[in-house]
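data.csv (CSV, C-alpha atoms) appears below.
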chain,number,residue,atom,x,y,z
A,24,MET,CA,16.7,21.5,-5.5
A,25,LEU,CA,18.4,18.8,-3.5
A,26,ASN,CA,18.3,20.7,-0.2
A,27,GLN,CA,14.6,20.6,0.0
A,28,ASN,CA,12.7,17.6,1.3
A,29,PRO,CA,9.4,17.1,-0.5
A,30,PHE,CA,9.3,13.4,0.4
A,31,THR,CA,7.9,13.7,3.8
A,32,HIS,CA,5.6,11.0,5.2
A,33,ASP,CA,1.9,11.1,4.9
A,34,ARG,CA,-0.2,12.3,7.8
A,35,ALA,CA,-1.2,9.3,9.9
A,36,ASP,CA,-3.7,7.2,8.0
A,37,PRO,CA,-7.2,7.4,9.4
A,38,ALA,CA,-8.7,4.3,11.0
A,39,PRO,CA,-9.8,1.8,8.5
A,40,ALA,CA,-13.4,2.6,7.4
A,41,ALA,CA,-14.2,-1.1,6.8
A,42,PRO,CA,-16.9,-0.1,4.3
A,43,ARG,CA,-19.5,-2.4,2.8
A,44,ILE,CA,-19.4,-2.4,-1.0
A,45,ARG,CA,-22.9,-2.8,-2.5
A,46,ASP,CA,-24.9,-1.9,-5.6
A,47,ALA,CA,-25.9,1.7,-5.7
A,48,ARG,CA,-29.5,2.7,-5.0
A,49,ALA,CA,-31.4,5.8,-6.4
A,50,ASP,CA,-31.3,7.4,-2.9
A,51,ASP,CA,-27.5,7.2,-2.9
A,52,MET,CA,-27.2,9.7,-5.7
A,53,ALA,CA,-27.3,12.7,-3.5
A,54,ALA,CA,-24.2,11.4,-1.6
A,55,VAL,CA,-22.5,10.4,-4.8
A,56,GLU,CA,-23.1,13.8,-6.3
A,57,GLU,CA,-21.8,15.5,-3.1
A,58,ILE,CA,-18.6,13.4,-3.2
A,59,ASP,CA,-18.1,14.2,-6.9
A,60,SER,CA,-18.7,17.9,-6.5
A,61,ARG,CA,-16.3,18.1,-3.6
A,62,ILE,CA,-13.6,16.4,-5.8
A,63,THR,CA,-14.3,18.2,-9.1
A,64,GLY,CA,-15.8,21.5,-7.8
A,65,LEU,CA,-18.7,21.0,-10.2
A,66,ALA,CA,-22.2,20.0,-9.1
A,67,LYS,CA,-23.9,17.7,-11.6
A,68,PRO,CA,-27.1,16.4,-10.1
A,69,ASP,CA,-28.7,15.7,-13.5
A,70,TYR,CA,-25.7,13.8,-14.7
A,71,TRP,CA,-25.7,11.5,-11.6
A,72,ALA,CA,-29.4,10.9,-11.8
A,73,ASP,CA,-29.0,9.9,-15.4
A,74,ALA,CA,-25.9,7.8,-14.7
A,75,PHE,CA,-27.9,5.8,-12.1
A,76,ALA,CA,-30.8,5.3,-14.6
A,77,ARG,CA,-28.3,4.0,-17.2
A,78,TYR,CA,-25.9,2.0,-15.0
A,79,GLY,CA,-27.7,1.1,-11.8
A,80,ARG,CA,-28.6,-2.6,-11.4
A,81,ARG,CA,-28.2,-3.5,-15.0
A,82,ASP,CA,-26.6,-6.4,-16.8
A,83,ASP,CA,-23.0,-5.7,-17.7
A,84,ARG,CA,-23.2,-2.3,-16.0
A,85,TRP,CA,-22.0,-1.7,-12.5
A,86,PHE,CA,-22.6,1.2,-10.2
A,87,LEU,CA,-21.3,0.4,-6.7
A,88,VAL,CA,-20.9,2.4,-3.6
A,89,ALA,CA,-18.9,2.1,-0.4
A,90,GLU,CA,-21.0,2.6,2.7
A,91,THR,CA,-19.9,2.8,6.3
A,92,GLY,CA,-22.1,3.7,9.3
A,93,GLY,CA,-24.9,4.5,6.9
A,94,ARG,CA,-22.9,7.0,5.0
A,95,VAL,CA,-21.9,6.6,1.4
A,96,ILE,CA,-18.2,7.4,1.2
A,97,GLY,CA,-17.2,6.3,-2.3
A,98,PHE,CA,-18.5,5.1,-5.6
A,99,ILE,CA,-17.3,3.4,-8.8
A,100,VAL,CA,-19.0,3.0,-12.2
A,101,GLY,CA,-18.2,0.8,-15.1
A,102,GLU,CA,-19.5,-1.4,-17.8
A,103,ARG,CA,-18.7,-4.2,-20.2
A,104,ARG,CA,-18.3,-3.0,-23.8
A,105,ALA,CA,-17.5,-5.0,-26.9
A,106,TRP,CA,-15.9,-4.3,-30.3
A,107,GLU,CA,-15.7,-0.6,-30.2
A,108,PHE,CA,-12.4,0.4,-31.7
A,109,GLY,CA,-11.9,-3.2,-32.7
A,110,SER,CA,-11.6,-4.2,-29.0
A,111,PRO,CA,-12.8,-7.6,-27.9
A,112,PRO,CA,-15.2,-7.5,-24.9
A,113,CYS,CA,-13.6,-5.7,-21.9
A,114,GLY,CA,-14.6,-3.8,-18.8
A,115,TRP,CA,-14.4,0.0,-18.6
A,116,ILE,CA,-14.2,2.0,-15.4
A,117,PHE,CA,-15.2,5.5,-16.1
A,118,ALA,CA,-15.9,7.0,-12.7
A,119,ILE,CA,-14.5,6.6,-9.2
A,120,GLY,CA,-14.6,8.8,-6.2
A,121,VAL,CA,-13.8,8.6,-2.5
A,122,ALA,CA,-14.8,11.3,0.0
A,123,PRO,CA,-11.6,13.3,0.6
A,124,ASP,CA,-11.9,12.7,4.4
A,125,CYS,CA,-12.0,8.9,3.9
A,126,ARG,CA,-8.9,8.6,1.7
A,127,LEU,CA,-5.8,6.5,2.5
A,128,ALA,CA,-7.9,3.9,4.1
A,129,GLY,CA,-8.2,1.5,1.1
A,130,VAL,CA,-11.8,2.5,0.1
A,131,GLY,CA,-10.8,3.0,-3.5
A,132,SER,CA,-9.0,-0.3,-3.6
A,133,GLN,CA,-12.0,-2.1,-2.2
A,134,LEU,CA,-14.3,-0.4,-4.8
A,135,PHE,CA,-11.8,-1.3,-7.6
A,136,GLU,CA,-11.5,-4.9,-6.5
A,137,ALA,CA,-15.3,-5.2,-6.2
A,138,ILE,CA,-16.0,-4.0,-9.7
A,139,CYS,CA,-13.2,-6.1,-11.1
A,140,GLU,CA,-14.7,-9.2,-9.4
A,141,ARG,CA,-18.2,-8.5,-10.9
A,142,MET,CA,-16.6,-7.9,-14.3
A,143,ARG,CA,-14.6,-11.2,-13.9
A,144,ALA,CA,-17.8,-13.0,-13.0
A,145,GLY,CA,-19.4,-11.5,-16.2
A,146,GLY,CA,-16.7,-13.0,-18.4
A,147,VAL,CA,-14.5,-9.9,-18.7
A,148,GLU,CA,-10.8,-10.5,-18.9
A,149,THR,CA,-9.4,-7.0,-19.3
A,150,VAL,CA,-10.4,-3.8,-17.5
A,151,ARG,CA,-9.6,-0.4,-18.9
A,152,THR,CA,-10.0,3.2,-18.0
A,153,MET,CA,-9.0,6.6,-19.5
A,154,LEU,CA,-7.6,9.6,-17.6
A,155,ALA,CA,-6.5,13.1,-18.2
A,156,LEU,CA,-2.8,13.4,-18.6
A,157,ASP,CA,-2.7,15.8,-15.6
A,158,ASP,CA,-4.9,13.6,-13.4
A,159,ALA,CA,-1.9,12.5,-11.3
A,160,LEU,CA,-4.0,11.4,-8.3
A,161,ASN,CA,-6.3,8.9,-10.2
A,162,MET,CA,-3.5,7.8,-12.5
A,163,ALA,CA,-1.3,6.9,-9.5
A,164,PHE,CA,-4.3,5.1,-8.0
A,165,PHE,CA,-5.0,2.9,-11.0
A,166,ARG,CA,-1.3,2.2,-11.4
A,167,SER,CA,-1.1,1.1,-7.8
A,168,GLN,CA,-3.9,-1.4,-8.6
A,169,GLY,CA,-1.7,-2.9,-11.3
A,170,MET,CA,-3.0,-1.1,-14.4
A,171,MET,CA,-0.5,-0.2,-17.1
A,172,GLY,CA,-0.4,1.5,-20.4
A,173,GLY,CA,-2.5,-0.6,-22.8
A,174,SER,CA,-2.6,-1.4,-26.5
A,175,PHE,CA,-4.7,1.6,-27.5
A,176,ILE,CA,-3.9,5.3,-27.6
A,177,GLN,CA,-6.4,8.2,-27.5
A,178,LEU,CA,-6.2,10.8,-30.3
A,179,GLU,CA,-8.2,14.0,-30.7
A,180,MET,CA,-8.3,17.2,-32.6
A,181,PRO,CA,-10.4,20.4,-32.3
A,182,LEU,CA,-13.0,20.8,-35.0
A,183,ASP,CA,-13.0,24.5,-35.0
A,184,ALA,CA,-10.3,26.9,-36.3
A,185,GLY,CA,-6.9,25.8,-37.6
A,186,THR,CA,-7.6,22.3,-38.8
A,187,GLY,CA,-8.7,23.2,-42.3
A,188,ARG,CA,-11.7,20.8,-41.9
B,10,MET,CA,13.7,8.2,-23.3
B,11,LYS,CA,17.3,7.8,-22.2
B,12,LEU,CA,18.3,8.7,-18.6
B,13,GLN,CA,21.7,9.9,-17.6
B,14,LYS,CA,23.9,7.6,-15.6
B,15,ALA,CA,23.4,9.5,-12.3
B,16,THR,CA,19.7,9.4,-12.7
B,17,LEU,CA,19.6,5.7,-13.4
B,18,PHE,CA,21.9,5.0,-10.5
B,19,ALA,CA,19.6,7.0,-8.2
B,20,LEU,CA,16.6,5.0,-9.3
B,21,PHE,CA,18.5,1.7,-8.8
B,22,SER,CA,19.6,2.6,-5.4
B,23,VAL,CA,16.4,4.2,-4.1
B,24,LEU,CA,14.3,1.3,-5.3
B,25,GLU,CA,16.8,-1.2,-4.0
B,26,LEU,CA,16.8,0.4,-0.6
B,27,ALA,CA,13.0,1.0,-0.6
B,28,ARG,CA,12.4,-2.7,-1.1
B,29,ASP,CA,13.1,-3.1,2.6
B,30,PRO,CA,13.4,0.2,4.5
B,31,GLU,CA,14.8,-1.6,7.5
B,32,ARG,CA,17.8,-2.9,5.6
B,33,GLN,CA,21.1,-1.0,5.4
B,34,MET,CA,23.3,-1.4,2.3
B,35,SER,CA,26.7,0.1,1.5
B,36,ALA,CA,27.3,1.9,-1.8
B,37,ALA,CA,29.7,-1.0,-2.7
B,38,GLU,CA,26.9,-3.5,-2.2
B,39,ILE,CA,24.5,-1.6,-4.4
B,40,ALA,CA,27.2,-1.0,-7.0
B,41,ASP,CA,28.0,-4.7,-7.0
B,42,ILE,CA,24.4,-5.7,-7.7
B,43,TYR,CA,24.0,-3.3,-10.7
B,44,GLY,CA,27.6,-3.5,-11.9
B,45,ILE,CA,28.1,0.2,-11.7
B,46,SER,CA,30.9,2.6,-10.5
B,47,VAL,CA,30.9,2.8,-6.7
B,48,ASN,CA,32.5,6.2,-6.7
B,49,HIS,CA,29.8,7.6,-9.0
B,50,LEU,CA,27.1,5.9,-6.9
B,51,ALA,CA,28.5,7.3,-3.7
B,52,LYS,CA,28.0,10.8,-5.1
B,53,VAL,CA,24.5,10.0,-6.1
B,54,LEU,CA,23.7,8.6,-2.7
B,55,ARG,CA,24.9,11.8,-1.1
B,56,ASP,CA,22.5,13.7,-3.3
B,57,LEU,CA,19.7,11.4,-2.4
B,58,GLY,CA,20.6,11.9,1.3
B,59,ARG,CA,20.4,15.6,0.9
B,60,ALA,CA,17.0,15.2,-0.8
B,61,GLY,CA,15.7,13.2,2.2
B,62,LEU,CA,15.2,9.9,0.4
B,63,VAL,CA,18.0,7.9,2.0
B,64,GLU,CA,20.0,8.3,5.1
B,65,ALA,CA,23.5,7.3,6.0
B,66,VAL,CA,23.9,4.9,8.9
B,67,ARG,CA,27.2,5.2,10.6
B,68,GLY,CA,29.3,2.6,12.4
B,69,VAL,CA,30.0,-1.1,11.8
B,70,GLY,CA,27.6,-2.5,9.3
B,71,GLY,CA,26.6,1.0,8.3
B,72,GLY,CA,25.5,2.1,4.9
B,73,TYR,CA,22.4,3.7,3.6
B,74,ARG,CA,18.7,3.0,4.1
B,75,PHE,CA,15.6,4.3,2.6
B,76,CYS,CA,13.9,7.0,4.7
B,77,GLY,CA,11.4,8.5,2.3
B,78,ASN,CA,7.7,7.6,1.6
B,79,ALA,CA,7.6,5.0,-1.1
B,80,ARG,CA,3.9,5.5,-1.7
B,81,ARG,CA,4.3,9.3,-2.2
B,82,THR,CA,7.5,9.4,-4.1
B,83,SER,CA,7.2,8.9,-7.9
B,84,LEU,CA,9.8,7.9,-10.4
B,85,TYR,CA,9.5,11.5,-11.7
B,86,ASP,CA,10.4,12.9,-8.3
B,87,VAL,CA,13.6,11.0,-8.3
B,88,ILE,CA,14.5,11.8,-11.9
B,89,ASP,CA,13.6,15.4,-11.4
B,90,LEU,CA,16.2,15.7,-8.6
B,91,PHE,CA,18.9,15.2,-11.2
B,92,GLY,CA,17.3,17.7,-13.7
B,93,ASP,CA,17.0,14.9,-16.2
B,94,ILE,CA,13.5,15.7,-17.5
B,95,VAL,CA,13.5,17.6,-20.8
B,96,THR,CA,10.3,19.5,-21.2
B,97,ASP,CA,11.4,22.0,-23.8
B,98,ALA,CA,11.9,19.6,-26.7
B,99,SER,CA,9.6,21.7,-28.8
B,100,GLU,CA,12.2,24.5,-28.7
B,101,MET,CA,14.5,23.9,-31.6
B,102,PRO,CA,17.9,25.6,-31.5
B,103,GLY,CA,19.0,28.3,-33.9
B,104,PRO,CA,17.2,29.5,-37.0
B,105,ALA,CA,15.6,26.1,-37.5
B,106,GLY,CA,13.3,26.9,-34.5
B,107,GLU,CA,11.6,29.6,-36.7
B,108,THR,CA,10.6,27.1,-39.4
B,109,ASP,CA,7.1,25.5,-39.7
B,110,ILE,CA,8.7,22.1,-40.0
B,111,ALA,CA,10.7,22.5,-36.7
B,112,ARG,CA,7.6,23.8,-35.0
B,113,ALA,CA,5.5,20.8,-36.2
B,114,LEU,CA,8.3,18.4,-35.1
B,115,GLY,CA,8.4,20.2,-31.8
B,116,ARG,CA,4.7,19.6,-31.2
B,117,VAL,CA,5.2,15.8,-31.8
B,118,LEU,CA,8.2,15.8,-29.3
B,119,THR,CA,6.1,17.7,-26.8
B,120,GLU,CA,3.3,15.2,-27.1
B,121,ILE,CA,5.8,12.4,-26.4
B,122,ASP,CA,7.3,14.3,-23.4
B,123,GLU,CA,3.9,15.0,-21.9
B,124,ILE,CA,3.0,11.3,-22.0
B,125,ALA,CA,6.4,10.3,-20.6
B,126,VAL,CA,6.1,12.8,-17.7
B,127,ALA,CA,2.6,11.8,-16.9
B,128,THR,CA,3.6,8.2,-16.8
B,129,LEU,CA,6.6,8.8,-14.6
B,130,LYS,CA,4.6,11.0,-12.2
B,131,SER,CA,1.9,8.2,-11.9
B,132,ILE,CA,4.2,5.4,-10.8
B,133,SER,CA,5.3,5.6,-7.2
B,134,LEU,CA,8.3,3.7,-5.8
B,135,ALA,CA,5.8,1.4,-4.0
B,136,THR,CA,3.8,0.7,-7.2
B,137,LEU,CA,7.0,-0.2,-9.1
B,138,LEU,CA,8.2,-2.5,-6.4
B,139,LYS,CA,4.7,-4.1,-6.3
B,140,SER,CA,5.0,-4.9,-10.0
B,141,LEU,CA,8.2,-7.0,-9.5
B,142,PRO,CA,7.7,-10.7,-10.1
B,143,ARG,CA,7.3,-12.4,-6.8
B,144,PRO,CA,10.4,-14.6,-7.0
B,145,GLU,CA,12.6,-11.5,-7.4
B,146,ARG,CA,10.9,-9.9,-4.4
B,147,ARG,CA,11.7,-12.9,-2.3
B,148,LEU,CA,15.4,-12.9,-3.5
B,149,ALA,CA,15.7,-9.3,-2.7
B,150,ALA,CA,14.7,-9.9,0.9
B,151,THR,CA,17.7,-12.2,1.4
B,152,HIS,CA,20.3,-9.6,0.3

Would you mind writing the file out in structure tokens?
Amino acid sequence: MLNQNPFTHDRADPAPAAPRIRDARADDMAAVEEIDSRITGLAKPDYWADAFARYGRRDDRWFLVAETGGRVIGFIVGERRAWEFGSPPCGWIFAIGVAPDCRLAGVGSQLFEAICERMRAGGVETVRTMLALDDALNMAFFRSQGMMGGSFIQLEMPLDAGTGR
Amino acid sequence: MKLQKATLFALFSVLELARDPERQMSAAEIADIYGISVNHLAKVLRDLGRAGLVEAVRGVGGGYRFCGNARRTSLYDVIDLFGDIVTDASEMPGPAGETDIARALGRVLTEIDEIAVATLKSISLATLLKSLPRPERRLAATH
């Protein structure tokens, strides 16, 4: 419909949050879980406690948060993996979240740059992620950081009815 | 995926103008860069104007300039204005559509469509412009 105008400008960007990016601590998990539950609509406290145990302050694993004014406003989690699916060592980002009221201020970009810098320092040359096809928000974010379709494709099938297996 | 001429011209002109929203360009100038029909492009620019992506600037030195939001407008948004996204590839015409082979082929075509649409929706005009090699971006600024 060419007589409609869906391309209006954003609301005014909020003032830059100027967050500090640092390694996550165990006591950040409540804030991380709160951000995640606001975004996904699902509360997963056990998952985040376990994620911190597995990824917090470990070699080749990074769990970072963005903090401003004593408040955690974003997080990113990733790790270095090697040779799965025949892939040479590479970095994987498998979770990122920014509090909805702190978006459009570059927080996600700072988290992304910070984890890439740590991966680079750890010898990683390529960073990957995987997204749902309908996850337009995150796909646009990662595209805006320069990520593109890679050399792998994800396949799947249900193991219940209809496959004959 | 092959785009119709009008859709391709729309992408060319929107991206060319979005490179520098302050810059005004005539349809003839854009047509000259891309070697395309100025008459056809003029119609496309009018459609883009009605959609609120470009605006006509009247007077001496007038032309068109970008007035949308490059960060919030995806390639899909532009393509969709011209109805050039086929999302019913799984529907085979005629009696063939009732066959198991046609339905299986349709599922493959749907899978391809879904990936194409997701990709086009994820790339904003700003992201695409950011991906241009730096020398080309500098050249563009001198037009």

Residue hits in chain B, query chain A, radius 7 Å, all atoms listed in the file, as a PDB file with C-alpha atoms, keeping the file's coordinate frame:
ATOM      1  CA  ASP B  56      22.500  13.700  -3.300  1.00  0.00           C
ATOM      2  CA  ARG B  59      20.400  15.600   0.900  1.00  0.00           C
ATOM      3  CA  ALA B  60      17.000  15.200  -0.800  1.00  0.00           C
ATOM      4  CA  GLY B  61      15.700  13.200   2.200  1.00  0.00           C
ATOM      5  CA  LEU B  62      15.200   9.900   0.400  1.00  0.00           C
ATOM      6  CA  GLY B  77      11.400   8.500   2.300  1.00  0.00           C
ATOM      7  CA  ASN B  78       7.700   7.600   1.600  1.00  0.00           C
ATOM      8  CA  ARG B  81       4.300   9.300  -2.200  1.00  0.00           C
ATOM      9  CA  THR B  82       7.500   9.400  -4.100  1.00  0.00           C
ATOM     10  CA  LEU B  90      16.200  15.700  -8.600  1.00  0.00           C
ATOM     11  CA  ALA B 127       2.600  11.800 -16.900  1.00  0.00           C
ATOM     12  CA  LYS B 130       4.600  11.000 -12.200  1.00  0.00           C
ATOM     13  CA  SER B 131       1.900   8.200 -11.900  1.00  0.00           C
ATOM     14  CA  ILE B 132       4.200   5.400 -10.800  1.00  0.00           C
ATOM     15  CA  THR B 136       3.800   0.700  -7.200  1.00  0.00           C
TER      16      THR B 136
END

**Prompt:** For the atom pair atom CA of A:Thr91 and atom CA of A:Phe135, what is the interatomic distance in Å to one decimal place?
**Reply:**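 According to the coordinates, atom CA of A:Thr91 and atom CA of A:Phe135 are separated by 16.6 Å.
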
**Request:** For stretch 126-133 of chain A, work out the shell of residues within 12 Å, counting all atoms listed in the file and skipping chain neighbours fewer than 3 positions away, then give it as a ChimeraX atom specification.
**Result:** /A:33-45,58,62,87-91,95-100,118-123,136-140,160-161,163-169 /B:80-81

**Message:** What does the structure give for the distance between atom CA of B:Lys52 and atom CA of B:Ala15, in Å to one decimal?
**Reply:**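 Interatomic distance, atom CA of B:Lys52 to atom CA of B:Ala15: 8.6 Å.
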
**Item:** Å distance separating atom CA of B:Lys11 from atom CA of B:Val126, one decimal place
**Value:** 13.1 Å

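Nearest-residue note for A:Val55: choosing from A:Trp115, A:Asp82, A:Arg94, A:Leu182, the minimum distance belongs to A:Arg94, counting all atoms listed in the file.
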
**Request:** Using all atoms listed in the file, determine which residues lie at most 8 Å from A:Ile116, disregarding the query and same-chain residues fewer than 4 positions distant; provide the list as a list in words.
**Result:**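 Near neighbours after the sequence-gap exclusion: Ile99, Val100, Gly101, Glu102, Val150, Arg151 and Thr152 of chain A.
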
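Across B:Arg143, B:Met10, B:Leu24, B:Glu123, the tightest approach to B:Val63 is made by B:Leu24 when counting all atoms listed in the file.
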
Which stretch 52-128 of chain B residues have any atom within 8 Å of an atom of stretch 33-37 of chain B, and for each, what is the nearest pair of atoms with distance in Å to one decimal, counting only C-alpha atoms, rows sorted by chain and number, as a Markdown table?
| residue | atom | partner | partner_atom | distance |
| --- | --- | --- | --- | --- |
| B:Leu54 | CA | B:Ala36 | CA | 7.7 |
| B:Val66 | CA | B:Gln33 | CA | 7.4 |
| B:Gly70 | CA | B:Gln33 | CA | 7.7 |
| B:Gly71 | CA | B:Gln33 | CA | 6.5 |
| B:Gly72 | CA | B:Ser35 | CA | 4.1 |
| B:Tyr73 | CA | B:Gln33 | CA | 5.2 |
| B:Arg74 | CA | B:Gln33 | CA | 4.8 |

Dump as a short mmCIF file (atom, residue, chain, number, x, y, z; two decimals), keeping the file's coordinate frame, selection limited to C-alpha atoms:
data_model
loop_
_atom_site.label_atom_id
_atom_site.label_comp_id
_atom_site.auth_asym_id
_atom_site.auth_seq_id
_atom_site.Cartn_x
_atom_site.Cartn_y
_atom_site.Cartn_z
CA LEU B 54 23.70 8.60 -2.70
CA VAL B 66 23.90 4.90 8.90
CA GLY B 70 27.60 -2.50 9.30
CA GLY B 71 26.60 1.00 8.30
CA GLY B 72 25.50 2.10 4.90
CA TYR B 73 22.40 3.70 3.60
CA ARG B 74 18.70 3.00 4.10
#

Kindly output stretch 86-103 of chain A as an mmCIF file, in the frame of the given file, after building N, CA and C atoms.
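Dumped everything to selection_13.cif:
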data_model
loop_
_atom_site.group_PDB
_atom_site.id
_atom_site.type_symbol
_atom_site.label_atom_id
_atom_site.label_comp_id
_atom_site.auth_asym_id
_atom_site.auth_seq_id
_atom_site.Cartn_x
_atom_site.Cartn_y
_atom_site.Cartn_z
ATOM 1 N N PHE A 86 -22.705 -0.044 -10.933
ATOM 2 C CA PHE A 86 -22.600 1.200 -10.200
ATOM 3 C C PHE A 86 -22.607 0.806 -8.726
ATOM 4 N N LEU A 87 -21.428 0.871 -8.115
ATOM 5 C CA LEU A 87 -21.300 0.400 -6.700
ATOM 6 C C LEU A 87 -20.937 1.569 -5.819
ATOM 7 N N VAL A 88 -21.317 1.414 -4.581
ATOM 8 C CA VAL A 88 -20.900 2.400 -3.600
ATOM 9 C C VAL A 88 -20.292 1.736 -2.392
ATOM 10 N N ALA A 89 -19.485 2.507 -1.677
ATOM 11 C CA ALA A 89 -18.900 2.100 -0.400
ATOM 12 C C ALA A 89 -19.661 2.778 0.696
ATOM 13 N N GLU A 90 -20.159 2.003 1.645
ATOM 14 C CA GLU A 90 -21.000 2.600 2.700
ATOM 15 C C GLU A 90 -20.397 2.192 4.067
ATOM 16 N N THR A 91 -20.323 3.130 4.957
ATOM 17 C CA THR A 91 -19.900 2.800 6.300
ATOM 18 C C THR A 91 -20.718 3.653 7.294
ATOM 19 N N GLY A 92 -21.241 3.008 8.293
ATOM 20 C CA GLY A 92 -22.100 3.700 9.300
ATOM 21 C C GLY A 92 -23.235 4.442 8.654
ATOM 22 N N GLY A 93 -23.789 3.871 7.600
ATOM 23 C CA GLY A 93 -24.900 4.500 6.900
ATOM 24 C C GLY A 93 -24.582 5.635 6.016
ATOM 25 N N ARG A 94 -23.277 5.895 5.874
ATOM 26 C CA ARG A 94 -22.900 7.000 5.000
ATOM 27 C C ARG A 94 -22.158 6.462 3.772
ATOM 28 N N VAL A 95 -22.545 6.964 2.617
ATOM 29 C CA VAL A 95 -21.900 6.600 1.400
ATOM 30 C C VAL A 95 -20.579 7.421 1.279
ATOM 31 N N ILE A 96 -19.446 6.715 1.197
ATOM 32 C CA ILE A 96 -18.200 7.400 1.200
ATOM 33 C C ILE A 96 -17.359 7.241 -0.081
ATOM 34 N N GLY A 97 -17.940 6.472 -1.022
ATOM 35 C CA GLY A 97 -17.200 6.300 -2.300
ATOM 36 C C GLY A 97 -18.111 5.622 -3.313
ATOM 37 N N PHE A 98 -17.695 5.705 -4.556
ATOM 38 C CA PHE A 98 -18.500 5.100 -5.600
ATOM 39 C C PHE A 98 -17.542 4.693 -6.769
ATOM 40 N N ILE A 99 -18.025 3.771 -7.586
ATOM 41 C CA ILE A 99 -17.300 3.400 -8.800
ATOM 42 C C ILE A 99 -18.327 2.976 -9.844
ATOM 43 N N VAL A 100 -18.081 3.326 -11.090
ATOM 44 C CA VAL A 100 -19.000 3.000 -12.200
ATOM 45 C C VAL A 100 -18.270 2.425 -13.339
ATOM 46 N N GLY A 101 -18.834 1.386 -13.918
ATOM 47 C CA GLY A 101 -18.200 0.800 -15.100
ATOM 48 C C GLY A 101 -19.156 -0.070 -15.862
ATOM 49 N N GLU A 102 -18.694 -0.559 -16.977
ATOM 50 C CA GLU A 102 -19.500 -1.400 -17.800
ATOM 51 C C GLU A 102 -18.698 -2.293 -18.702
ATOM 52 N N ARG A 103 -19.351 -3.296 -19.252
ATOM 53 C CA ARG A 103 -18.700 -4.200 -20.200
ATOM 54 C C ARG A 103 -19.055 -3.665 -21.605
#
